[in-house]
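Below you'll find the structure, written out as structure tokens, and then a few comments.
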Amino acid sequence: MKTTFWEKNKRTICNLILVAVLVALVGCVDAFAPSSSMWFPVLRKVCTFALAAVAMNLLNGFTGLFSLGQAGFMLLGAYAYAILTIPVELRSTVFRNYGDSLVQFQMPLVLALLAAGVVAAFFAFLIGLPVLRLKSDYLAIATLGFAEIIRAIFQWGKLGPVTNGSNLLKSFTRISNFKIGTFSMSTFVPVLIATVSIILIVMLVNSTYGRAFKAIRDDEVAAEAMGINLAKHKMISFVVSSFFAGVSGATMAMVLSIAQANNYKVAMTYEILLMVVLGGIGSISGSVIGSMLFVAASEWWLRGLDSGEFLGIKAPEVFRNGFRLVVFSIVIMVVVLFFRKGIMGDRELFQKKPASTAKAAKKEARSK
């Protein structure tokens, strides 16, 4: 019996409808809710890190390439976006220590976001030519070194007319600039960017390229024997992952309202990797959940521990500054102990857990 389009794609269509409803709901809340709520800055940061985590998972979880250059590609995207969206009349003020900027034009938001991703993807292609020949720890060390080199170069005074050296980049298009009449859309825009980007990554993972990535992850020798071009598919995964890391970096610059190289240190890459591990390596929805838990716990739920007050109990002698990080570390250890493969493992949200071989055999025997 021939299956219809609805029966074949029912789960995908329902998920897309659910995502569209959630994004629209965020837009309504963003427009009418009070701006003083802690919900908004947390959600903006969640969107930024969720996209970065999903992009890293595409490379580390689905292709099996252990890369630690995420912060470097985010830096490239942030700087590209910031430089391209500063108004021409304000460039002499921003670059006052270097006379003026070499870039004398301004791009619209969408084009600047795409340019941020393309710049990160271009550098990924260049670095990927020699680096993707390496494996495991060697690849991680090489990409980590690349991220640190990029951060140092962007603070170099000789590049001041382009990057503003070690000074801040500001006065570019920020989330506070997005309004419809009197209604703010400062949270809706990052949510929309992250949602569209993650949907595109999901489509790639479910395509023939995604199946090739998983085959390479599981067994390179077997994948090559089946006719998969290892070098080509590794490069595609690396470039696409870096593209969306660049978009994530641009979104972060938009959210923070500044772009500075010191914000994109190695510690940021480790935080993103932790989000991927918490959610589940090889699970896109797991990366999103891991990002939500990481940001909400570290930036919101445990914030009272540093001020000496938690759940209405004042204990200044016990809860001192930095105690929040101690509790947060314990929470992470507990999650890792009870969820060895992460919260979602390698499954996706709303995906049925595969039945065991014994249960499947019994079900087949009953049907006969």
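By order of appearance in the structure tokens: chains A, B, ..., then residues from 1 within every chain, and ligands from 1 in the order shown.
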
Each residue of stretch 157-211 of chain A with at least one atom at most 6 Å from stretch 247-259 of chain A should appear once, together with its nearest atom pair and the corresponding distance in Å (one decimal); atoms considered: only C-alpha atoms; ordering: chain, then increasing residue number; output as a tab-separated table.
residue	atom	partner	partner_atom	distance
A:Leu168	CA	A:Ala259	CA	6.0
A:Leu169	CA	A:Ala259	CA	5.0
A:Lys170	CA	A:Ile258	CA	5.0
A:Arg174	CA	A:Met254	CA	4.6
A:Ile175	CA	A:Met254	CA	5.7

Please produce a file of those selected residues containing N, CA, C and O atoms, as an mmCIF file, in the first residue's frame.
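The new file selection.cif reads:
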data_model
loop_
_atom_site.group_PDB
_atom_site.id
_atom_site.type_symbol
_atom_site.label_atom_id
_atom_site.label_comp_id
_atom_site.auth_asym_id
_atom_site.auth_seq_id
_atom_site.Cartn_x
_atom_site.Cartn_y
_atom_site.Cartn_z
ATOM 1 N N LEU A 168 37.020 47.933 21.577
ATOM 2 C CA LEU A 168 35.678 47.415 21.315
ATOM 3 C C LEU A 168 35.171 47.853 19.957
ATOM 4 O O LEU A 168 35.478 48.951 19.488
ATOM 5 N N LEU A 169 34.370 46.988 19.345
ATOM 6 C CA LEU A 169 33.564 47.391 18.194
ATOM 7 C C LEU A 169 32.144 47.619 18.702
ATOM 8 O O LEU A 169 31.563 46.757 19.359
ATOM 9 N N LYS A 170 31.585 48.772 18.424
ATOM 10 C CA LYS A 170 30.249 49.097 18.897
ATOM 11 C C LYS A 170 29.538 49.948 17.851
ATOM 12 O O LYS A 170 30.041 50.145 16.746
ATOM 13 N N ARG A 174 22.137 46.412 16.669
ATOM 14 C CA ARG A 174 21.956 45.603 17.873
ATOM 15 C C ARG A 174 20.496 45.169 17.999
ATOM 16 O O ARG A 174 19.631 45.653 17.280
ATOM 17 N N ILE A 175 20.235 44.308 18.971
ATOM 18 C CA ILE A 175 18.870 43.816 19.138
ATOM 19 C C ILE A 175 17.933 44.927 19.590
ATOM 20 O O ILE A 175 16.733 44.877 19.341
#

- Task: Step one, run DSSP on the backbone; step two, keep only residues of stretch 60-251 of chain A assigned to helix (DSSP H, G or I); then write them as a PyMOL selection string.
- Result: chain A and resi 60+70-85+88-94+96-98+109-131+136-154+157-163+175-177+188-205+208-218+220-225+230-251

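Around stretch 89-101 of chain A, within 6 Å and counting only C-alpha atoms, the residues found are Pro161, Val162 and Asn164 of chain A, once anything fewer than 4 positions away on its own chain is removed.
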
Just-selected residues, C-alpha atoms written as a tab-separated table (two decimals), in the first residue's frame:
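Contents of again_2.tsv, freshly written:
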chain	number	residue	atom	x	y	z
A	161	PRO	CA	41.69	50.05	10.53
A	162	VAL	CA	39.73	46.83	9.94
A	164	ASN	CA	39.84	48.24	15.66

- Pick out each residue of stretch 83-301 of chain A that DSSP on the backbone tags as strand (DSSP E); I need them as a ChimeraX atom specification. /A:179-180,183-184

Kindly export the residues of the current selection with N, CA and C atoms, as a PDB file, in the first residue's frame.
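The resulting file, again01.pdb, is shown below:
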ATOM      1  N   LYS A 179      12.380  46.992  16.319  1.00  0.00           N
ATOM      2  CA  LYS A 179      11.077  47.347  16.876  1.00  0.00           C
ATOM      3  C   LYS A 179      10.041  47.381  15.764  1.00  0.00           C
ATOM      4  N   ILE A 180       8.817  47.044  16.127  1.00  0.00           N
ATOM      5  CA  ILE A 180       7.672  47.212  15.227  1.00  0.00           C
ATOM      6  C   ILE A 180       6.763  48.224  15.903  1.00  0.00           C
ATOM      7  N   PHE A 183       6.615  48.364  19.821  1.00  0.00           N
ATOM      8  CA  PHE A 183       6.867  47.036  20.387  1.00  0.00           C
ATOM      9  C   PHE A 183       8.288  46.583  20.090  1.00  0.00           C
ATOM     10  N   SER A 184       8.974  46.124  21.137  1.00  0.00           N
ATOM     11  CA  SER A 184      10.343  45.625  20.988  1.00  0.00           C
ATOM     12  C   SER A 184      10.331  44.195  20.469  1.00  0.00           C
TER      13      SER A 184
END

Could you list, with a cut-off of 7 Å and counting only C-alpha atoms, the residues of stretch 186-240 of chain A near stretch 60-76 of chain A, each shown with its nearest atom pair and the distance in Å rounded to one decimal, rows sorted by chain and ascending number, as JSON lines?
{"residue": "A:Phe213", "atom": "CA", "partner": "A:Thr63", "partner_atom": "CA", "distance": 4.6}
{"residue": "A:Lys214", "atom": "CA", "partner": "A:Phe62", "partner_atom": "CA", "distance": 5.3}
{"residue": "A:Ile216", "atom": "CA", "partner": "A:Thr63", "partner_atom": "CA", "distance": 6.1}
{"residue": "A:Arg217", "atom": "CA", "partner": "A:Gly64", "partner_atom": "CA", "distance": 4.4}

Filtering to N, CA and C atoms, could you give me those residues as a JSON list (two decimals), in the first residue's frame?
[["chain", "number", "residue", "atom", "x", "y", "z"],
["A", 213, "PHE", "N", 27.72, 11.49, 6.78],
["A", 213, "PHE", "CA", 28.43, 11.94, 7.99],
["A", 213, "PHE", "C", 28.40, 10.86, 9.07],
["A", 214, "LYS", "N", 27.22, 10.28, 9.28],
["A", 214, "LYS", "CA", 27.08, 9.25, 10.33],
["A", 214, "LYS", "C", 27.88, 8.00, 9.98],
["A", 216, "ILE", "N", 30.68, 7.95, 8.29],
["A", 216, "ILE", "CA", 32.08, 8.28, 8.58],
["A", 216, "ILE", "C", 32.35, 8.21, 10.07],
["A", 217, "ARG", "N", 31.39, 8.70, 10.86],
["A", 217, "ARG", "CA", 31.54, 8.65, 12.32],
["A", 217, "ARG", "C", 31.63, 7.22, 12.83]]

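Look at stretch 104-120 of chain A: the protein and nucleic acid residues within 8 Å of it, using only C-alpha atoms and passing over chain neighbours fewer than 6 places away, are Phe73, Met74, Leu76, Gly77, Ala78, Tyr79, Ala80, Tyr81, Leu84, Thr85, Ile86, Pro87, Val88, Arg91, Thr173, Ser242, Phe243, Phe244, Ala245, Gly246, Val247 and Ala250 of chain A.
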
Mind dumping the selected residues with N, CA, C and O atoms as a PDB file, in the first residue's frame?
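Full text of again11.pdb as output:
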ATOM      1  N   PHE A  73      35.699  30.527  15.259  1.00  0.00           N
ATOM      2  CA  PHE A  73      34.755  30.784  14.169  1.00  0.00           C
ATOM      3  C   PHE A  73      33.642  31.744  14.608  1.00  0.00           C
ATOM      4  O   PHE A  73      33.162  32.542  13.805  1.00  0.00           O
ATOM      5  N   MET A  74      33.256  31.665  15.871  1.00  0.00           N
ATOM      6  CA  MET A  74      32.286  32.628  16.393  1.00  0.00           C
ATOM      7  C   MET A  74      32.874  34.034  16.402  1.00  0.00           C
ATOM      8  O   MET A  74      32.185  35.020  16.108  1.00  0.00           O
ATOM      9  N   LEU A  76      35.134  35.194  14.304  1.00  0.00           N
ATOM     10  CA  LEU A  76      35.123  35.664  12.912  1.00  0.00           C
ATOM     11  C   LEU A  76      33.745  36.169  12.516  1.00  0.00           C
ATOM     12  O   LEU A  76      33.615  37.225  11.872  1.00  0.00           O
ATOM     13  N   GLY A  77      32.697  35.434  12.900  1.00  0.00           N
ATOM     14  CA  GLY A  77      31.341  35.853  12.574  1.00  0.00           C
ATOM     15  C   GLY A  77      30.954  37.133  13.285  1.00  0.00           C
ATOM     16  O   GLY A  77      30.319  38.018  12.689  1.00  0.00           O
ATOM     17  N   ALA A  78      31.334  37.260  14.552  1.00  0.00           N
ATOM     18  CA  ALA A  78      30.991  38.456  15.325  1.00  0.00           C
ATOM     19  C   ALA A  78      31.651  39.699  14.738  1.00  0.00           C
ATOM     20  O   ALA A  78      31.005  40.747  14.574  1.00  0.00           O
ATOM     21  N   TYR A  79      32.927  39.590  14.414  1.00  0.00           N
ATOM     22  CA  TYR A  79      33.645  40.742  13.865  1.00  0.00           C
ATOM     23  C   TYR A  79      33.144  41.098  12.466  1.00  0.00           C
ATOM     24  O   TYR A  79      33.009  42.276  12.115  1.00  0.00           O
ATOM     25  N   ALA A  80      32.891  40.081  11.640  1.00  0.00           N
ATOM     26  CA  ALA A  80      32.389  40.344  10.285  1.00  0.00           C
ATOM     27  C   ALA A  80      31.051  41.071  10.352  1.00  0.00           C
ATOM     28  O   ALA A  80      30.830  42.065   9.640  1.00  0.00           O
ATOM     29  N   TYR A  81      30.152  40.597  11.217  1.00  0.00           N
ATOM     30  CA  TYR A  81      28.840  41.234  11.358  1.00  0.00           C
ATOM     31  C   TYR A  81      28.986  42.664  11.875  1.00  0.00           C
ATOM     32  O   TYR A  81      28.368  43.604  11.342  1.00  0.00           O
ATOM     33  N   LEU A  84      30.529  45.139   9.304  1.00  0.00           N
ATOM     34  CA  LEU A  84      29.689  45.398   8.128  1.00  0.00           C
ATOM     35  C   LEU A  84      28.401  46.150   8.446  1.00  0.00           C
ATOM     36  O   LEU A  84      27.720  46.600   7.523  1.00  0.00           O
ATOM     37  N   THR A  85      28.033  46.270   9.724  1.00  0.00           N
ATOM     38  CA  THR A  85      26.766  46.936  10.061  1.00  0.00           C
ATOM     39  C   THR A  85      26.952  48.256  10.810  1.00  0.00           C
ATOM     40  O   THR A  85      25.967  48.858  11.229  1.00  0.00           O
ATOM     41  N   ILE A  86      28.199  48.706  10.991  1.00  0.00           N
ATOM     42  CA  ILE A  86      28.410  50.030  11.601  1.00  0.00           C
ATOM     43  C   ILE A  86      28.038  51.096  10.579  1.00  0.00           C
ATOM     44  O   ILE A  86      28.522  51.071   9.441  1.00  0.00           O
ATOM     45  N   PRO A  87      27.174  52.055  10.943  1.00  0.00           N
ATOM     46  CA  PRO A  87      26.826  53.129  10.003  1.00  0.00           C
ATOM     47  C   PRO A  87      28.066  53.895   9.545  1.00  0.00           C
ATOM     48  O   PRO A  87      29.001  54.107  10.330  1.00  0.00           O
ATOM     49  N   VAL A  88      28.084  54.303   8.294  1.00  0.00           N
ATOM     50  CA  VAL A  88      29.251  54.975   7.718  1.00  0.00           C
ATOM     51  C   VAL A  88      29.587  56.244   8.490  1.00  0.00           C
ATOM     52  O   VAL A  88      30.767  56.546   8.739  1.00  0.00           O
ATOM     53  N   ARG A  91      31.690  55.512  11.710  1.00  0.00           N
ATOM     54  CA  ARG A  91      32.924  54.729  11.628  1.00  0.00           C
ATOM     55  C   ARG A  91      34.141  55.520  12.109  1.00  0.00           C
ATOM     56  O   ARG A  91      35.043  54.961  12.759  1.00  0.00           O
ATOM     57  N   THR A 173      24.452  47.370  14.319  1.00  0.00           N
ATOM     58  CA  THR A 173      23.046  47.006  14.482  1.00  0.00           C
ATOM     59  C   THR A 173      22.892  46.022  15.636  1.00  0.00           C
ATOM     60  O   THR A 173      23.448  44.923  15.613  1.00  0.00           O
ATOM     61  N   SER A 242      31.134  25.490  10.681  1.00  0.00           N
ATOM     62  CA  SER A 242      31.772  26.788  10.903  1.00  0.00           C
ATOM     63  C   SER A 242      30.885  27.935  10.428  1.00  0.00           C
ATOM     64  O   SER A 242      30.871  29.009  11.032  1.00  0.00           O
ATOM     65  N   PHE A 243      30.141  27.710   9.348  1.00  0.00           N
ATOM     66  CA  PHE A 243      29.213  28.740   8.862  1.00  0.00           C
ATOM     67  C   PHE A 243      28.200  29.107   9.941  1.00  0.00           C
ATOM     68  O   PHE A 243      27.987  30.284  10.246  1.00  0.00           O
ATOM     69  N   PHE A 244      27.585  28.101  10.535  1.00  0.00           N
ATOM     70  CA  PHE A 244      26.572  28.373  11.554  1.00  0.00           C
ATOM     71  C   PHE A 244      27.210  28.851  12.865  1.00  0.00           C
ATOM     72  O   PHE A 244      26.571  29.579  13.628  1.00  0.00           O
ATOM     73  N   ALA A 245      28.466  28.469  13.124  1.00  0.00           N
ATOM     74  CA  ALA A 245      29.180  29.042  14.265  1.00  0.00           C
ATOM     75  C   ALA A 245      29.397  30.534  14.047  1.00  0.00           C
ATOM     76  O   ALA A 245      29.292  31.330  14.991  1.00  0.00           O
ATOM     77  N   GLY A 246      29.698  30.919  12.799  1.00  0.00           N
ATOM     78  CA  GLY A 246      29.836  32.344  12.479  1.00  0.00           C
ATOM     79  C   GLY A 246      28.536  33.098  12.658  1.00  0.00           C
ATOM     80  O   GLY A 246      28.518  34.226  13.187  1.00  0.00           O
ATOM     81  N   VAL A 247      27.419  32.499  12.247  1.00  0.00           N
ATOM     82  CA  VAL A 247      26.105  33.122  12.462  1.00  0.00           C
ATOM     83  C   VAL A 247      25.817  33.246  13.956  1.00  0.00           C
ATOM     84  O   VAL A 247      25.278  34.265  14.422  1.00  0.00           O
ATOM     85  N   ALA A 250      27.766  36.150  15.258  1.00  0.00           N
ATOM     86  CA  ALA A 250      27.102  37.403  14.882  1.00  0.00           C
ATOM     87  C   ALA A 250      25.909  37.682  15.782  1.00  0.00           C
ATOM     88  O   ALA A 250      25.672  38.819  16.210  1.00  0.00           O
TER      89      ALA A 250
END

- Task: Have a look at atom CA of A:Gly160 and atom CA of A:Asn262 and let me know their distance in Å, one decimal.
- Result: 15.3 Å

- Item | Exercise: A:Met344 partners within 10 Å, only C-alpha atoms, chain neighbours under 6 positions left out, as an NGL selection string | :A and (277-287 or 289-290)
